[in-house]
$ cat run.csv   # CSV, C-alpha atoms
chain,number,residue,atom,x,y,z
A,1,MET,CA,7.1,8.9,-16.1
A,2,SER,CA,4.7,8.0,-18.8
A,3,MET,CA,5.3,8.7,-22.4
A,4,LYS,CA,4.3,12.0,-24.0
A,5,VAL,CA,3.9,12.8,-27.7
A,6,GLN,CA,4.1,16.1,-29.4
A,7,THR,CA,3.3,16.3,-33.1
A,8,ARG,CA,4.6,18.8,-35.7
A,9,GLN,CA,4.9,19.1,-39.4
A,10,VAL,CA,8.0,19.9,-41.4
A,11,ASP,CA,8.0,19.9,-45.2
A,12,GLY,CA,5.2,17.4,-45.3
A,13,ILE,CA,6.8,15.0,-42.8
A,14,THR,CA,5.0,14.3,-39.5
A,15,ILE,CA,7.5,14.4,-36.6
A,16,LEU,CA,6.4,12.8,-33.4
A,17,ASP,CA,8.6,14.0,-30.5
A,18,LEU,CA,8.4,11.3,-27.9
A,19,SER,CA,9.5,11.6,-24.3
A,20,GLY,CA,9.5,9.3,-21.3
A,21,ARG,CA,9.2,5.5,-21.2
A,22,ILE,CA,7.9,3.2,-23.9
A,23,THR,CA,6.8,0.1,-22.0
A,24,LEU,CA,4.0,-2.4,-21.8
A,25,GLY,CA,0.7,-0.7,-21.1
A,26,GLU,CA,2.1,2.8,-21.0
A,27,GLY,CA,4.1,4.2,-23.9
A,28,SER,CA,3.4,1.2,-26.2
A,29,VAL,CA,-0.3,2.1,-26.4
A,30,THR,CA,0.4,5.8,-26.8
A,31,ILE,CA,2.8,5.3,-29.7
A,32,ARG,CA,0.4,2.9,-31.4
A,33,ASP,CA,-2.4,5.4,-31.2
A,34,ALA,CA,-0.2,8.3,-32.3
A,35,VAL,CA,0.9,6.5,-35.5
A,36,ARG,CA,-2.6,5.4,-36.2
A,37,ASP,CA,-3.8,9.0,-35.8
A,38,VAL,CA,-1.2,10.3,-38.3
A,39,LEU,CA,-2.2,7.7,-40.8
A,40,ALA,CA,-5.9,8.5,-40.3
A,41,LYS,CA,-5.2,12.1,-41.1
A,42,GLY,CA,-3.7,11.1,-44.5
A,43,SER,CA,0.0,11.4,-43.7
A,44,ASN,CA,2.3,8.4,-44.1
A,45,LYS,CA,5.7,9.9,-43.8
A,46,ILE,CA,6.6,9.8,-40.1
A,47,LEU,CA,9.7,10.6,-38.2
A,48,LEU,CA,9.9,9.3,-34.6
A,49,ASN,CA,12.1,11.5,-32.5
A,50,LEU,CA,13.4,9.3,-29.7
A,51,GLY,CA,15.9,11.7,-28.3
A,52,ASN,CA,14.0,12.1,-25.0
A,53,ILE,CA,13.0,8.4,-24.5
A,54,THR,CA,14.5,7.4,-21.2
A,55,TYR,CA,13.6,3.7,-21.3
A,56,ILE,CA,12.2,1.1,-23.7
A,57,ASP,CA,11.4,-2.5,-23.0
A,58,SER,CA,10.6,-5.4,-25.3
A,59,SER,CA,7.0,-4.3,-25.7
A,60,GLY,CA,8.2,-0.9,-26.7
A,61,ILE,CA,10.6,-2.3,-29.2
A,62,GLY,CA,7.7,-4.4,-30.6
A,63,GLU,CA,5.6,-1.4,-30.9
A,64,LEU,CA,8.3,0.4,-32.9
A,65,VAL,CA,8.4,-2.6,-35.2
A,66,SER,CA,4.6,-2.7,-35.5
A,67,GLY,CA,4.5,1.0,-36.3
A,68,PHE,CA,7.2,0.5,-38.9
A,69,THR,CA,5.3,-2.3,-40.7
A,70,THR,CA,1.9,-0.6,-40.4
A,71,VAL,CA,3.3,2.6,-42.1
A,72,ARG,CA,5.2,0.6,-44.7
A,73,ASN,CA,2.1,-1.5,-45.5
A,74,SER,CA,0.2,1.8,-46.1
A,75,GLY,CA,2.8,2.8,-48.7
A,76,GLY,CA,4.6,5.2,-46.4
A,77,GLU,CA,7.9,5.5,-44.5
A,78,LEU,CA,8.6,5.5,-40.8
A,79,LYS,CA,12.1,6.5,-39.6
A,80,LEU,CA,13.8,7.0,-36.3
A,81,LEU,CA,15.7,10.1,-35.1
A,82,ASN,CA,18.1,10.8,-32.2
A,83,LEU,CA,18.4,7.4,-30.6
A,84,THR,CA,19.8,7.4,-27.1
A,85,LYS,CA,22.6,4.9,-26.4
A,86,LYS,CA,20.2,2.6,-24.5
A,87,VAL,CA,17.8,2.4,-27.4
A,88,HIS,CA,20.6,2.2,-29.9
A,89,ASP,CA,22.1,-0.8,-28.0
A,90,LEU,CA,18.8,-2.5,-27.8
A,91,LEU,CA,18.2,-2.2,-31.5
A,92,GLN,CA,21.7,-3.6,-32.1
A,93,ILE,CA,21.1,-6.6,-29.8
A,94,THR,CA,17.8,-7.4,-31.4
A,95,LYS,CA,19.2,-7.0,-35.0
A,96,LEU,CA,16.7,-4.2,-35.7
A,97,TYR,CA,19.2,-1.4,-36.2
A,98,THR,CA,19.5,-2.2,-39.9
A,99,VAL,CA,15.8,-2.8,-40.3
A,100,PHE,CA,15.0,0.8,-39.3
A,101,ASP,CA,16.2,3.8,-41.2
A,102,VAL,CA,18.0,5.6,-38.3
A,103,LYS,CA,18.9,9.3,-38.5
A,104,ASP,CA,20.8,11.5,-36.1
A,105,ASP,CA,20.1,14.9,-37.7
A,106,GLU,CA,16.6,16.2,-38.2
A,107,ALA,CA,17.3,18.2,-41.4
A,108,SER,CA,18.9,15.3,-43.2
A,109,ALA,CA,16.2,13.0,-41.9
A,110,ILE,CA,13.5,15.3,-43.4
A,111,SER,CA,15.3,15.4,-46.8
A,112,SER,CA,15.7,11.7,-46.9
A,113,PHE,CA,12.0,11.0,-47.2
A,114,SER,CA,10.9,10.2,-50.8
A,115,LYS,CA,9.1,13.2,-52.4
B,1,MET,CA,-7.7,-9.9,-2.3
B,2,ASN,CA,-8.8,-8.8,-5.7
B,3,GLY,CA,-6.7,-5.9,-7.1
B,4,LYS,CA,-5.1,-5.2,-3.7
B,5,LYS,CA,-1.5,-5.8,-2.9
B,6,GLU,CA,-1.0,-8.8,-0.7
B,7,LEU,CA,2.3,-9.6,0.7
B,8,HIS,CA,3.2,-13.1,1.9
B,9,ALA,CA,6.1,-14.8,3.5
B,10,LEU,CA,8.2,-11.7,3.3
B,11,THR,CA,11.8,-11.7,4.4
B,12,PHE,CA,14.3,-8.9,4.0
B,13,GLU,CA,17.8,-9.3,5.2
B,14,LYS,CA,19.8,-6.1,4.9
B,15,SER,CA,23.4,-6.0,4.2
B,16,THR,CA,25.5,-3.0,5.1
B,17,SER,CA,25.2,-0.8,2.1
B,18,THR,CA,26.4,2.5,0.7
B,19,LEU,CA,22.9,3.1,-0.8
B,20,PRO,CA,21.2,6.2,0.6
B,21,SER,CA,18.9,5.2,3.4
B,22,SER,CA,15.9,7.0,1.7
B,23,ARG,CA,16.1,4.5,-1.1
B,24,LEU,CA,16.3,1.6,1.2
B,25,SER,CA,13.3,2.9,2.9
B,26,ALA,CA,11.5,3.0,-0.4
B,27,VAL,CA,12.0,-0.7,-0.7
B,28,ASP,CA,10.8,-1.3,2.9
B,29,ASP,CA,7.7,0.8,2.3
B,30,TRP,CA,6.4,-1.6,-0.3
B,31,HIS,CA,6.4,-4.3,2.3
B,32,THR,CA,4.0,-2.4,4.6
B,33,GLY,CA,5.7,-3.2,7.8
B,34,ASN,CA,5.7,-6.9,7.4
B,35,ALA,CA,9.4,-7.1,6.8
B,36,ARG,CA,11.6,-9.1,9.0
B,37,THR,CA,15.0,-7.5,9.1
B,38,ALA,CA,18.2,-9.2,10.0
B,39,LEU,CA,21.6,-7.8,9.3
B,40,ALA,CA,23.7,-10.2,7.3
B,41,ASP,CA,27.3,-9.8,6.4
B,42,SER,CA,28.6,-7.1,4.1
B,43,THR,CA,27.9,-9.0,0.9
B,44,THR,CA,24.7,-10.9,1.2
B,45,SER,CA,21.1,-10.0,1.4
B,46,ARG,CA,17.7,-11.5,0.4
B,47,VAL,CA,14.3,-10.0,-0.2
B,48,SER,CA,11.2,-11.8,-1.4
B,49,PHE,CA,7.6,-10.9,-1.9
B,50,THR,CA,4.3,-11.8,-3.5
B,51,LEU,CA,2.3,-9.3,-5.6
B,52,ASP,CA,-0.9,-9.4,-7.7
B,53,SER,CA,-0.8,-9.8,-11.5
B,54,SER,CA,-0.6,-6.1,-12.5
B,55,LEU,CA,1.7,-3.7,-14.3
B,56,ASP,CA,2.2,-1.9,-11.0
B,57,SER,CA,3.7,-5.1,-9.6
B,58,VAL,CA,6.0,-5.2,-12.7
B,59,ASN,CA,7.2,-1.7,-12.0
B,60,LYS,CA,7.9,-2.5,-8.4
B,61,ILE,CA,9.8,-5.6,-9.2
B,62,GLU,CA,11.9,-3.7,-11.7
B,63,GLN,CA,12.7,-1.0,-9.2
B,64,THR,CA,13.7,-3.6,-6.6
B,65,ALA,CA,15.9,-5.3,-9.1
B,66,GLU,CA,17.6,-1.9,-9.8
B,67,LEU,CA,18.2,-1.3,-6.1
B,68,CYS,CA,19.5,-4.8,-5.4
B,69,ALA,CA,21.8,-4.6,-8.4
B,70,GLU,CA,23.2,-1.3,-7.2
B,71,ARG,CA,23.7,-2.6,-3.7
B,72,ALA,CA,25.5,-5.7,-5.1
B,73,GLY,CA,28.0,-3.3,-6.7
B,74,PHE,CA,27.2,-3.7,-10.4
B,75,ASP,CA,28.4,-0.9,-12.6
B,76,GLU,CA,26.2,1.8,-14.2
B,77,ASP,CA,26.0,-0.1,-17.5
B,78,THR,CA,25.1,-3.5,-15.9
B,79,VAL,CA,22.4,-2.3,-13.4
B,80,PRO,CA,19.9,-1.2,-16.1
B,81,HIS,CA,20.5,-4.4,-18.0
B,82,ILE,CA,19.7,-6.5,-14.9
B,83,ALA,CA,16.6,-4.3,-14.1
B,84,MET,CA,15.4,-4.7,-17.7
B,85,ALA,CA,15.9,-8.5,-17.6
B,86,VAL,CA,13.9,-8.8,-14.4
B,87,ARG,CA,11.2,-6.5,-15.8
B,88,GLU,CA,10.9,-8.7,-18.8
B,89,ALA,CA,10.6,-11.8,-16.5
B,90,ALA,CA,7.9,-10.0,-14.4
B,91,VAL,CA,6.0,-9.0,-17.6
B,92,ASN,CA,6.2,-12.5,-18.8
B,93,ALA,CA,4.7,-13.8,-15.5
B,94,VAL,CA,1.9,-11.2,-15.3
B,95,LEU,CA,1.0,-11.1,-19.0
B,96,HIS,CA,1.8,-14.6,-20.4
B,97,GLY,CA,1.7,-16.6,-17.2
B,98,ASN,CA,-1.2,-15.2,-15.1
B,99,SER,CA,-2.9,-13.3,-17.9
B,100,TYR,CA,-3.6,-10.4,-15.5
B,101,ASP,CA,-5.8,-12.8,-13.5
B,102,THR,CA,-6.5,-11.0,-10.2
B,103,ASN,CA,-6.8,-14.3,-8.4
B,104,LYS,CA,-3.3,-15.3,-9.3
B,105,HIS,CA,-0.1,-13.9,-7.9
B,106,ILE,CA,3.5,-13.6,-8.9
B,107,THR,CA,6.4,-13.9,-6.5
B,108,ALA,CA,9.9,-12.4,-6.8
B,109,SER,CA,12.9,-13.0,-4.7
B,110,PHE,CA,16.3,-11.3,-4.9
B,111,GLU,CA,19.3,-12.9,-3.3
B,112,THR,CA,22.7,-11.5,-3.2
B,113,THR,CA,25.5,-14.0,-2.5
B,114,ALA,CA,29.2,-13.5,-2.4
B,115,ASP,CA,29.3,-14.6,-6.0
B,116,SER,CA,26.2,-13.5,-7.7
B,117,LEU,CA,22.8,-11.8,-7.7
B,118,ILE,CA,20.0,-14.4,-8.1
B,119,ILE,CA,16.5,-13.4,-9.0
B,120,ARG,CA,13.6,-15.8,-9.1
B,121,VAL,CA,10.2,-14.8,-10.6
B,122,THR,CA,7.3,-17.2,-10.5
B,123,ASP,CA,3.7,-17.2,-11.8
B,124,GLN,CA,0.7,-19.5,-11.5
B,125,GLY,CA,0.1,-19.8,-15.2
B,126,PRO,CA,-0.2,-22.8,-17.6
B,127,GLY,CA,3.6,-23.1,-17.9
B,128,LEU,CA,6.2,-22.1,-20.4
B,129,ASP,CA,8.4,-24.3,-22.6
B,130,PRO,CA,11.4,-22.2,-23.6
B,131,ASP,CA,12.3,-24.6,-26.3
B,132,THR,CA,9.1,-23.7,-28.2
B,133,LEU,CA,9.9,-20.0,-28.3
B,134,PRO,CA,10.6,-18.7,-31.8
B,135,ASP,CA,14.0,-17.1,-32.5
B,136,PRO,CA,13.3,-13.3,-32.7
B,137,LEU,CA,16.5,-12.8,-34.7
B,138,ALA,CA,15.3,-15.2,-37.5
B,139,PRO,CA,14.5,-13.4,-40.7
B,140,GLU,CA,10.9,-14.7,-40.6
B,141,ASN,CA,10.5,-13.3,-37.1
B,142,ILE,CA,12.5,-10.0,-37.2
B,143,LEU,CA,9.4,-7.9,-37.9
B,144,ARG,CA,7.2,-9.5,-35.3
B,145,GLY,CA,5.7,-7.1,-32.8
B,146,SER,CA,6.4,-9.4,-29.8
B,147,GLY,CA,8.6,-12.3,-28.7
B,148,ARG,CA,11.8,-10.5,-27.6
B,149,GLY,CA,11.4,-10.7,-23.8
B,150,ILE,CA,13.1,-14.0,-23.1
B,151,PHE,CA,15.7,-13.2,-25.7
B,152,LEU,CA,16.6,-10.0,-23.8
B,153,ILE,CA,16.7,-11.8,-20.5
B,154,ARG,CA,19.2,-14.3,-21.9
B,155,ALA,CA,21.2,-11.4,-23.5
B,156,PHE,CA,21.6,-9.5,-20.2
B,157,MET,CA,22.0,-12.3,-17.6
B,158,ASP,CA,24.8,-14.9,-17.2
B,159,GLU,CA,22.4,-17.8,-16.5
B,160,VAL,CA,18.6,-18.2,-17.1
B,161,HIS,CA,16.8,-21.3,-15.9
B,162,PHE,CA,13.2,-22.4,-16.3
B,163,ARG,CA,11.4,-24.7,-13.9
B,164,GLN,CA,7.8,-26.0,-14.3
B,165,LEU,CA,5.8,-25.7,-11.1
B,166,HIS,CA,2.5,-27.4,-12.1
B,167,PRO,CA,0.9,-25.0,-12.3
B,168,GLY,CA,3.2,-22.1,-13.1
B,169,THR,CA,6.7,-21.3,-14.1
B,170,GLU,CA,9.8,-20.2,-12.2
B,171,LEU,CA,12.4,-18.2,-13.9
B,172,THR,CA,15.8,-18.0,-12.3
B,173,LEU,CA,18.1,-15.2,-13.4
B,174,ILE,CA,21.7,-15.1,-12.3
B,175,LYS,CA,24.3,-12.4,-12.8
B,176,TYR,CA,27.8,-13.0,-11.5
B,177,ARG,CA,29.2,-10.2,-9.3
B,178,THR,CA,32.7,-11.0,-10.4
B,179,PRO,CA,32.9,-11.8,-14.1
B,180,ALA,CA,35.2,-14.6,-15.0
B,181,GLN,CA,38.5,-13.3,-16.3
B,182,PRO,CA,39.8,-14.4,-19.7
B,183,GLY,CA,42.3,-17.2,-19.3
B,184,THR,CA,41.4,-18.0,-15.8
$ encode --input "run.csv" --output "structure tokens"
Amino acid sequence: MSMKVQTRQVDGITILDLSGRITLGEGSVTIRDAVRDVLAKGSNKILLNLGNITYIDSSGIGELVSGFTTVRNSGGELKLLNLTKKVHDLLQITKLYTVFDVKDDEASAISSFSK
Amino acid sequence: MNGKKELHALTFEKSTSTLPSSRLSAVDDWHTGNARTALADSTTSRVSFTLDSSLDSVNKIEQTAELCAERAGFDEDTVPHIAMAVREAAVNAVLHGNSYDTNKHITASFETTADSLIIRVTDQGPGLDPDTLPDPLAPENILRGSGRGIFLIRAFMDEVHFRQLHPGTELTLIKYRTPAQPGT
């Protein structure tokens, strides 16, 4: 199953609801393009909802990191929402869990972005 | 041969297994009738094949790893770890080894012994020196967009060995079927 992205806006925050696999050549390109599209439209506060991500490999992890740094370098914020246990464990193993701002509740995630 | 699956020197020795036959058939189907089947004992099996340098091959190798890990009796937490490690090895072979060159192939073998599951993935690339790989956990590397594949392989497997083939690299990944008990 390839990755799908649905975009919505809540209180000035762009939420990307991701589903499927983030792997080399599939989801990794999709997520890169999605983040670039959001930035190109002038928004730099992005919440990645990973609740329906079934699988992520090292390329997918790398793409999350690249998205994080790209958004940060543009003066914005990129946060993660609803990690599955698999993704959570991978971010722990790779020491990235504390690099990302990880949220498990959408409302509190929205309110945590700087105004 | 360009872009088309070619299978060489295929062997597939089945063990008796509790896995649904439909899933076993799925493995056999990839081998397009070239499989030689020989029943082994209840704990051992071996499958090996050669594929082109594509992401499709990576997916097939990952799925084979998952099936072999299930058949070897690994638990539901360990099976996806093994499959991910093997996927990373296959990605490494296709992307960094063969650079998607359609004239080069990757091989993968899966051997289940009484003690362990042994996976070997080879490419025909310029070779890989694991000692030169940067530590992805180092502060200066933590925000890099790549370089975590070999790290994850080592994290999920019990043994990882590199062998230079001149040209190419062979990665051997080993997971013990019965983990060593503390104090034994």
$ residues_around --input "run.csv" --residues "range 60-68 of chain A" --least-positions-apart "4" --cutoff "6 Å" --atoms "all atoms listed in the file" --output "list in words"
Ile22, Thr23, Ser28, Ile56 and Leu78 of chain A; Gly145 and Ser146 of chain B
$ closest_atom_pairs --input "run.csv" --of "chain B" --to "chain A" --cutoff "10 Å" --atoms "all atoms listed in the file" --output "tab-separated table"
residue	atom	partner	partner_atom	distance
B:Leu55	CA	A:Gly25	CA	7.5
B:Val58	CA	A:Leu24	CA	9.7
B:Asp77	CA	A:Lys86	CA	9.5
B:Pro80	CA	A:Lys86	CA	9.2
B:His81	CA	A:Lys86	CA	9.6
B:Met84	CA	A:Asp57	CA	7.0
B:Ala85	CA	A:Asp57	CA	9.2
B:Arg87	CA	A:Asp57	CA	8.2
B:Glu88	CA	A:Ser58	CA	7.3
B:Val91	CA	A:Leu24	CA	8.1
B:Leu95	CA	A:Leu24	CA	9.6
B:Pro136	CA	A:Thr94	CA	7.5
B:Leu137	CA	A:Lys95	CA	6.4
B:Ala138	CA	A:Lys95	CA	9.4
B:Pro139	CA	A:Lys95	CA	9.8
B:Ile142	CA	A:Leu96	CA	7.3
B:Leu143	CA	A:Val65	CA	6.0
B:Arg144	CA	A:Gly62	CA	7.0
B:Gly145	CA	A:Gly62	CA	4.0
B:Ser146	CA	A:Gly62	CA	5.2
B:Gly147	CA	A:Ser58	CA	7.9
B:Arg148	CA	A:Ser58	CA	5.7
B:Gly149	CA	A:Ser58	CA	5.6
B:Ile150	CA	A:Ser58	CA	9.2
B:Phe151	CA	A:Thr94	CA	8.4
B:Leu152	CA	A:Ser58	CA	7.7
B:Ala155	CA	A:Ile93	CA	7.9
$ residues_around --input "run.csv" --residues "Thr112 in chain B" --least-positions-apart "2" --cutoff "8 Å" --atoms "only C-alpha atoms" --output "ChimeraX atom specification"
/B:43-46,68,72,110,114-118
$ atom_distance --input "run.csv" --atom1 "CA of Pro130 in chain B" --atom2 "CA of Ala93 in chain B"
13.5 Å
$ residues_around --input "run.csv" --residues "Leu18 in chain A" --least-positions-apart "5" --cutoff "7 Å" --atoms "all atoms listed in the file" --output "list in words"
Met3, Lys4, Val5, Gln6, Asn49, Leu50, Asn52 and Ile53 of chain A
$ write_last_selection --input "run.csv" --atoms "C-alpha atoms" --output "mmCIF file, in the frame of the given file"
data_model
loop_
_atom_site.group_PDB
_atom_site.id
_atom_site.type_symbol
_atom_site.label_atom_id
_atom_site.label_comp_id
_atom_site.auth_asym_id
_atom_site.auth_seq_id
_atom_site.Cartn_x
_atom_site.Cartn_y
_atom_site.Cartn_z
ATOM 1 C CA MET A 3 5.300 8.700 -22.400
ATOM 2 C CA LYS A 4 4.300 12.000 -24.000
ATOM 3 C CA VAL A 5 3.900 12.800 -27.700
ATOM 4 C CA GLN A 6 4.100 16.100 -29.400
ATOM 5 C CA ASN A 49 12.100 11.500 -32.500
ATOM 6 C CA LEU A 50 13.400 9.300 -29.700
ATOM 7 C CA ASN A 52 14.000 12.100 -25.000
ATOM 8 C CA ILE A 53 13.000 8.400 -24.500
#
$ closest_residue --input "run.csv" --among "B:Val47, B:Ile106, B:Ala90, B:Leu165" --to "Ile61 in chain B" --atoms "all atoms listed in the file"
B:Ala90
$ atom_distance --input "run.csv" --atom1 "CA of Thr172 in chain B" --atom2 "CA of Glu159 in chain B"
7.8 Å
$ atom_distance --input "run.csv" --atom1 "CA of Leu48 in chain A" --atom2 "CA of Gln92 in chain A"
17.7 Å
$ residues_around --input "run.csv" --residues "Ser74 in chain A" --least-positions-apart "3" --cutoff "8 Å" --atoms "only C-alpha atoms" --output "ChimeraX atom specification"
/A:44,70-71
$ closest_residue --input "run.csv" --among "B:Pro134, B:Glu70, B:Arg120, B:Tyr100" --to "Asp56 in chain B" --atoms "all atoms listed in the file"
B:Tyr100
$ residues_around --input "run.csv" --residues "Asp104 in chain A" --least-positions-apart "2" --cutoff "8 Å" --atoms "only C-alpha atoms" --output "short mmCIF file (atom, residue, chain, number, x, y, z; two decimals) with C-alpha atoms, in the frame of the given file"
data_model
loop_
_atom_site.label_atom_id
_atom_site.label_comp_id
_atom_site.auth_asym_id
_atom_site.auth_seq_id
_atom_site.Cartn_x
_atom_site.Cartn_y
_atom_site.Cartn_z
CA LEU A 81 15.70 10.10 -35.10
CA ASN A 82 18.10 10.80 -32.20
CA LEU A 83 18.40 7.40 -30.60
CA VAL A 102 18.00 5.60 -38.30
CA GLU A 106 16.60 16.20 -38.20
CA ALA A 109 16.20 13.00 -41.90
#
$ closest_residue --input "run.csv" --among "B:Asp135, B:Phe156, B:Phe74, B:Lys175" --to "Asp89 in chain A" --atoms "all atoms listed in the file"
B:Phe156
